[in-house]
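Novice: So that you have it, the file is protein25.cif, and it contains mmCIF, C-alpha atoms:
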data_entry
loop_
_atom_site.label_atom_id
_atom_site.label_comp_id
_atom_site.auth_asym_id
_atom_site.auth_seq_id
_atom_site.Cartn_x
_atom_site.Cartn_y
_atom_site.Cartn_z
CA MET A 1 0.00 0.00 0.00
CA SER A 2 1.28 3.46 -0.90
CA ALA A 3 1.88 6.27 1.59
CA THR A 4 -1.06 8.11 0.01
CA SER A 5 -3.34 5.12 0.56
CA ASP A 6 -2.11 4.84 4.14
CA SER A 7 -2.94 8.49 4.79
CA VAL A 8 -6.47 8.05 3.38
CA VAL A 9 -7.08 5.02 5.63
CA ASP A 10 -5.74 6.93 8.64
CA LYS A 11 -7.99 9.90 7.91
CA VAL A 12 -11.07 7.69 7.49
CA TYR A 13 -10.13 5.75 10.62
CA GLU A 14 -9.96 8.95 12.70
CA GLN A 15 -13.28 10.21 11.33
CA ILE A 16 -15.17 6.99 12.05
CA ARG A 17 -13.41 6.52 15.38
CA HIS A 18 -14.67 9.93 16.46
CA MET A 19 -18.19 8.94 15.40
CA ALA A 20 -18.01 5.56 17.14
CA ILE A 21 -16.71 6.96 20.43
CA GLY A 22 -19.50 9.53 20.55
CA TYR A 23 -22.25 7.14 19.44
CA VAL A 24 -23.08 9.09 16.31
CA PHE A 25 -24.18 5.60 15.26
CA LYS A 26 -26.91 4.26 17.51
CA PRO A 27 -26.09 1.27 19.79
CA GLY A 28 -26.50 -1.95 17.83
CA GLU A 29 -26.98 -0.09 14.53
CA ARG A 30 -25.64 -1.76 11.40
CA LEU A 31 -23.31 0.56 9.48
CA ASN A 32 -24.31 1.20 5.88
CA GLU A 33 -20.90 1.01 4.19
CA VAL A 34 -22.11 2.40 0.88
CA ALA A 35 -23.70 5.44 2.51
CA LEU A 36 -20.73 5.92 4.84
CA ALA A 37 -18.22 5.80 1.97
CA LYS A 38 -20.28 8.39 0.11
CA GLN A 39 -20.56 10.59 3.20
CA LEU A 40 -16.78 10.52 3.75
CA GLY A 41 -15.93 10.79 0.06
CA VAL A 42 -13.83 7.62 -0.11
CA SER A 43 -13.94 4.24 -1.79
CA ARG A 44 -14.98 1.04 -0.03
CA THR A 45 -11.37 -0.24 0.28
CA PRO A 46 -9.97 2.35 2.73
CA LEU A 47 -13.33 2.42 4.48
CA ARG A 48 -13.25 -1.34 5.06
CA GLU A 49 -9.66 -1.17 6.34
CA ALA A 50 -10.60 1.56 8.80
CA LEU A 51 -13.66 -0.40 9.96
CA ASN A 52 -11.55 -3.51 10.50
CA ARG A 53 -9.10 -1.56 12.66
CA LEU A 54 -11.93 -0.17 14.77
CA SER A 55 -13.43 -3.63 15.15
CA ILE A 56 -10.10 -5.02 16.40
CA GLU A 57 -9.93 -2.15 18.90
CA GLY A 58 -13.41 -2.93 20.23
CA LEU A 59 -15.00 0.32 19.04
CA LEU A 60 -17.17 -1.48 16.48
CA ARG A 61 -18.48 -5.04 16.20
CA PHE A 62 -18.11 -7.22 13.10
CA LEU A 63 -20.48 -10.09 12.38
CA PRO A 64 -19.34 -12.37 9.51
CA GLY A 65 -21.75 -12.24 6.62
CA LYS A 66 -23.61 -9.32 8.15
CA GLY A 67 -21.19 -6.43 8.45
CA PHE A 68 -20.10 -3.86 11.00
CA TYR A 69 -22.25 -2.67 13.88
CA CYS A 70 -22.04 0.07 16.47
CA ARG A 71 -21.19 -1.53 19.81
CA ASP A 72 -23.95 -1.80 22.34
CA LEU A 73 -23.88 0.09 25.62
CA ASP A 74 -23.20 -3.04 27.65
CA VAL A 75 -23.15 -2.55 31.42
CA HIS A 76 -20.87 -5.51 32.10
CA GLU A 77 -18.41 -4.56 29.37
CA ILE A 78 -18.12 -1.01 30.74
CA PHE A 79 -17.71 -2.34 34.28
CA TYR A 80 -14.92 -4.70 33.19
CA LEU A 81 -13.21 -1.86 31.31
CA TYR A 82 -13.24 0.26 34.47
CA GLU A 83 -11.73 -2.66 36.36
CA LEU A 84 -9.05 -2.95 33.66
CA ARG A 85 -8.36 0.77 33.79
CA LYS A 86 -7.92 0.67 37.56
CA ALA A 87 -5.62 -2.35 37.37
CA ILE A 88 -3.43 -0.71 34.71
CA GLU A 89 -3.19 2.65 36.44
CA VAL A 90 -2.45 1.16 39.86
CA SER A 91 0.27 -1.06 38.39
CA ALA A 92 1.70 1.85 36.42
CA ILE A 93 1.82 4.23 39.41
CA LYS A 94 4.06 1.74 41.21
CA LEU A 95 6.45 1.84 38.26
CA ALA A 96 6.19 5.63 38.04
CA ILE A 97 7.25 5.95 41.68
CA GLU A 98 10.50 4.24 40.72
CA ARG A 99 11.02 5.79 37.28
CA ALA A 100 9.42 9.25 37.11
CA GLU A 101 11.69 12.27 36.81
CA GLU A 102 10.99 14.93 39.44
CA ALA A 103 10.84 17.56 36.69
CA ASP A 104 8.04 15.64 34.97
CA ILE A 105 6.03 15.39 38.19
CA ARG A 106 6.42 19.11 38.84
CA ALA A 107 5.33 19.78 35.25
CA LEU A 108 2.22 17.72 35.97
CA ILE A 109 1.48 19.89 39.01
CA ASP A 110 1.95 22.96 36.80
CA PHE A 111 -0.56 21.44 34.37
CA LEU A 112 -3.09 21.17 37.21
CA ASP A 113 -2.41 24.78 38.17
CA ALA A 114 -2.93 25.89 34.57
CA THR A 115 -6.19 23.98 34.04
CA GLY A 116 -7.56 24.95 37.46
CA PRO A 117 -10.15 23.37 39.74
CA ASP A 118 -13.18 24.90 38.01
CA ALA A 119 -14.71 24.06 34.65
CA GLY A 120 -14.83 27.69 33.55
CA GLU A 121 -16.10 28.06 29.98
CA ARG A 122 -14.97 24.58 28.93
CA ASP A 123 -17.53 22.15 27.52
CA ILE A 124 -17.88 18.56 28.71
CA ALA A 125 -15.83 17.11 25.86
CA GLU A 126 -12.87 19.36 26.72
CA LEU A 127 -13.12 18.47 30.41
CA VAL A 128 -13.01 14.76 29.55
CA ASP A 129 -9.98 15.41 27.32
CA LEU A 130 -8.19 17.19 30.18
CA ASP A 131 -8.99 14.38 32.58
CA GLU A 132 -7.69 11.76 30.17
CA MET A 133 -4.59 13.85 29.55
CA PHE A 134 -3.79 13.95 33.27
CA HIS A 135 -4.14 10.19 33.73
CA GLU A 136 -2.18 9.39 30.57
CA ARG A 137 0.62 11.72 31.65
CA VAL A 138 0.81 9.96 35.01
CA LEU A 139 0.90 6.56 33.36
CA GLY A 140 3.48 7.81 30.86
CA MET A 141 5.88 8.31 33.77
CA SER A 142 5.98 4.52 34.15
CA ASN A 143 7.91 4.51 30.84
CA ASN A 144 5.82 1.53 29.76
CA VAL A 145 4.52 2.28 26.27
CA GLU A 146 2.41 -0.89 26.13
CA MET A 147 0.50 0.06 29.28
CA LEU A 148 -0.09 3.51 27.81
CA ARG A 149 -1.37 2.00 24.55
CA VAL A 150 -3.87 -0.17 26.44
CA LEU A 151 -5.02 2.74 28.63
CA LYS A 152 -5.69 4.89 25.57
CA ASN A 153 -7.84 2.13 24.08
CA VAL A 154 -9.74 1.69 27.35
CA ASN A 155 -10.26 5.45 27.63
CA ALA A 156 -11.72 5.56 24.13
CA ARG A 157 -14.10 2.69 24.87
CA ILE A 158 -15.42 4.23 28.12
CA ARG A 159 -15.34 7.86 26.98
CA PHE A 160 -19.08 7.97 26.41
CA VAL A 161 -19.79 6.94 30.02
CA ARG A 162 -17.11 9.33 31.26
CA TRP A 163 -18.85 12.09 29.29
CA ILE A 164 -22.05 11.33 31.23
CA ASP A 165 -20.11 11.11 34.51
CA MET A 166 -18.43 14.46 33.85
CA LYS A 167 -21.81 16.19 33.54
CA ARG A 168 -22.56 15.26 37.14
CA ALA A 169 -19.03 15.34 38.52
CA ASP A 170 -17.70 17.67 41.20
CA ARG A 171 -14.71 18.96 39.23
CA PRO A 172 -13.06 20.77 42.17
CA ALA A 173 -13.16 17.53 44.19
CA SER A 174 -11.81 15.54 41.24
CA GLN A 175 -9.03 18.03 40.65
CA ASP A 176 -8.17 17.93 44.36
CA GLU A 177 -7.72 14.15 44.05
CA HIS A 178 -5.51 14.71 41.00
CA ARG A 179 -3.42 17.18 42.97
CA ARG A 180 -3.10 14.84 45.97
CA LEU A 181 -2.06 12.05 43.61
CA ALA A 182 0.62 14.23 41.98
CA HIS A 183 2.03 15.27 45.37
CA ALA A 184 1.98 11.66 46.63
CA LEU A 185 3.89 10.69 43.50
CA LEU A 186 6.38 13.48 44.15
CA ALA A 187 6.82 12.10 47.68
CA ARG A 188 7.19 8.55 46.25
CA ASP A 189 4.40 7.44 48.59
CA GLU A 190 3.12 4.23 47.00
CA ALA A 191 0.39 3.50 49.55
CA ALA A 192 -1.10 6.97 49.17
CA CYS A 193 -0.93 6.85 45.36
CA VAL A 194 -2.68 3.47 45.21
CA ALA A 195 -5.39 4.49 47.69
CA ILE A 196 -6.13 7.73 45.80
CA LEU A 197 -6.27 6.01 42.41
CA GLU A 198 -8.49 3.16 43.59
CA LYS A 199 -10.98 5.60 45.08
CA HIS A 200 -10.78 7.97 42.11
CA ILE A 201 -11.22 5.39 39.33
CA GLY A 202 -13.46 2.78 40.95
CA ARG A 203 -17.04 2.52 39.70
CA ARG A 204 -19.79 0.36 41.15
CA MET A 205 -22.10 -1.53 38.82
CA ASP A 206 -25.10 0.56 39.91
CA GLN A 207 -23.26 3.79 39.03
CA ILE A 208 -22.58 2.47 35.54
CA VAL A 209 -26.21 1.38 35.11
CA VAL A 210 -27.38 4.89 35.95
CA ALA A 211 -24.85 6.47 33.57
CA ILE A 212 -25.85 4.16 30.71
CA ARG A 213 -29.55 4.79 31.29
CA GLU A 214 -28.89 8.51 31.06
CA GLY A 215 -26.66 7.91 28.06
CA TYR A 216 -29.41 6.20 26.09
CA ALA A 217 -31.66 9.18 26.74
CA GLN A 218 -28.96 11.53 25.46
CA ILE A 219 -28.29 9.46 22.34
CA TYR A 220 -31.91 9.25 21.27
CA MET A 221 -32.95 12.74 22.33
CA SER A 222 -30.09 15.12 21.68
CA GLY A 223 -26.89 13.27 20.88
CA ILE A 224 -23.47 13.32 22.51
CA PRO A 225 -20.50 15.32 21.21
CA ALA A 226 -17.44 13.06 20.93
#
Produce structure tokens that represent the structure in this file.

Specialist:
Amino acid sequence: MSATSDSVVDKVYEQIRHMAIGYVFKPGERLNEVALAKQLGVSRTPLREALNRLSIEGLLRFLPGKGFYCRDLDVHEIFYLYELRKAIEVSAIKLAIERAEEADIRALIDFLDATGPDAGERDIAELVDLDEMFHERVLGMSNNVEMLRVLKNVNARIRFVRWIDMKRADRPASQDEHRRLAHALLARDEAACVAILEKHIGRRMDQIVVAIREGYAQIYMSGIPA
């Protein structure tokens, strides 16, 4: 495949990924490949390659002989992804305590100062982006690129629920937890880091059920910006 073809596939992949994360397609909806190719102005070949990548990443479902579908809002899947996220971040913070450069931790604290405890004029999508950025920067200090790759995939797959959570979240309290985590990391206090992360990330099944119920209402009434 030529570099030009690669760039077309990458562009289509990013466009459909954005749509899949934000449930522009309805849960369980079969994707009309002909209509989608026309909408994006591409041929079926790069479209199919992009769809296959998204299926492998868990952002779409593929059924042989039937095609590609938008993933359902499955309570158990989301719960398991939160468990996976917590396991990865807790494991990574232990590595970060050993490996993080002090300058990088202080830069993280500066990032918290710059973004502030209040939402300000930011919309929900931007607040989710900032939250993901913080957690990915922390994990990046573990110097484990494979852990970071998995976390980014998990974040994409739970972003819709996190969007709903962020609407109801107490941002100042969340940012305070971020700050306490950064300072515990600076102090190389493993017990404090683990305790803060487990409390911060953990989600009960009933919380996820409520978020998904609200999410369905948003999807079918007004839509969610990815």

Novice: With distances taken over only C-alpha atoms, which of A:Tyr220, A:Ala169, A:Gly140, A:Arg122 is nearest to A:Glu101?

Specialist: A:Gly140

Novice: Name the residues, using the chain letters and numbers of the file, that sit within 12 Å of (-21.4, -2.2, 38.2) when counting all atoms listed in the file, and give them as a PyMOL selection string.

Specialist: chain A and resi 74-83+202-212

Novice: Figure out the distance between atom CA of A:Arg71 and atom CA of A:Pro27, please, to one decimal in Å.

Specialist: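 These atoms are spaced 5.6 Å apart.
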
Novice: Compare A:Glu57, A:Lys86, A:Ala217, A:Arg44 by their minimum atom-to-atom distance to A:Met147, counting only C-alpha atoms, and give me the closest one.

Specialist: A:Lys86

Novice: Report as an mmCIF file with C-alpha atoms, in the frame of the given file the residues that result from applying the PyMOL selection byres ((chain A and resi 48) around 12) to the structure here.

Specialist:
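Ended up saving to expr-v3.cif:
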data_model
loop_
_atom_site.group_PDB
_atom_site.id
_atom_site.type_symbol
_atom_site.label_atom_id
_atom_site.label_comp_id
_atom_site.auth_asym_id
_atom_site.auth_seq_id
_atom_site.Cartn_x
_atom_site.Cartn_y
_atom_site.Cartn_z
ATOM 1 C CA VAL A 8 -6.470 8.050 3.380
ATOM 2 C CA VAL A 9 -7.080 5.020 5.630
ATOM 3 C CA ASP A 10 -5.740 6.930 8.640
ATOM 4 C CA VAL A 12 -11.070 7.690 7.490
ATOM 5 C CA TYR A 13 -10.130 5.750 10.620
ATOM 6 C CA ILE A 16 -15.170 6.990 12.050
ATOM 7 C CA LEU A 31 -23.310 0.560 9.480
ATOM 8 C CA ASN A 32 -24.310 1.200 5.880
ATOM 9 C CA GLU A 33 -20.900 1.010 4.190
ATOM 10 C CA VAL A 34 -22.110 2.400 0.880
ATOM 11 C CA LEU A 36 -20.730 5.920 4.840
ATOM 12 C CA ALA A 37 -18.220 5.800 1.970
ATOM 13 C CA VAL A 42 -13.830 7.620 -0.110
ATOM 14 C CA SER A 43 -13.940 4.240 -1.790
ATOM 15 C CA ARG A 44 -14.980 1.040 -0.030
ATOM 16 C CA THR A 45 -11.370 -0.240 0.280
ATOM 17 C CA PRO A 46 -9.970 2.350 2.730
ATOM 18 C CA LEU A 47 -13.330 2.420 4.480
ATOM 19 C CA GLU A 49 -9.660 -1.170 6.340
ATOM 20 C CA ALA A 50 -10.600 1.560 8.800
ATOM 21 C CA LEU A 51 -13.660 -0.400 9.960
ATOM 22 C CA ASN A 52 -11.550 -3.510 10.500
ATOM 23 C CA ARG A 53 -9.100 -1.560 12.660
ATOM 24 C CA LEU A 54 -11.930 -0.170 14.770
ATOM 25 C CA SER A 55 -13.430 -3.630 15.150
ATOM 26 C CA PHE A 62 -18.110 -7.220 13.100
ATOM 27 C CA GLY A 67 -21.190 -6.430 8.450
ATOM 28 C CA PHE A 68 -20.100 -3.860 11.000
#

Novice: Could you tell me how far atom CA of A:Glu102 sits from atom CA of A:Leu148, in Å to one decimal place?

Specialist: 19.7 Å

Novice: Can you spell out as a ChimeraX atom specification the set of residues that the PyMOL selection byres ((chain A and resi 179-189) around 12) selects in the structure I just provided?

Specialist: /A:89-90,92-113,115-117,134-135,137-139,141-142,172-178,190-200

Novice: I'd like the box whose edges run along x, y and z of the file and which contains every listed atom of stretch 168-187 of chain A, padded by 3 Å per side; could you state its centre and edge lengths in Å, one decimal, as JSON?

Specialist:
{"center_x": -7.9, "center_y": 15.7, "center_z": 42.4, "size_x": 35.4, "size_y": 16.1, "size_z": 16.5}

Novice: Counting only C-alpha atoms, figure out which residue out of A:Arg157, A:Arg162, A:Arg85, A:Arg171 gets nearest to A:Ala119.

Specialist: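 Using only C-alpha atoms, the shortest distance to A:Ala119 belongs to A:Arg171.
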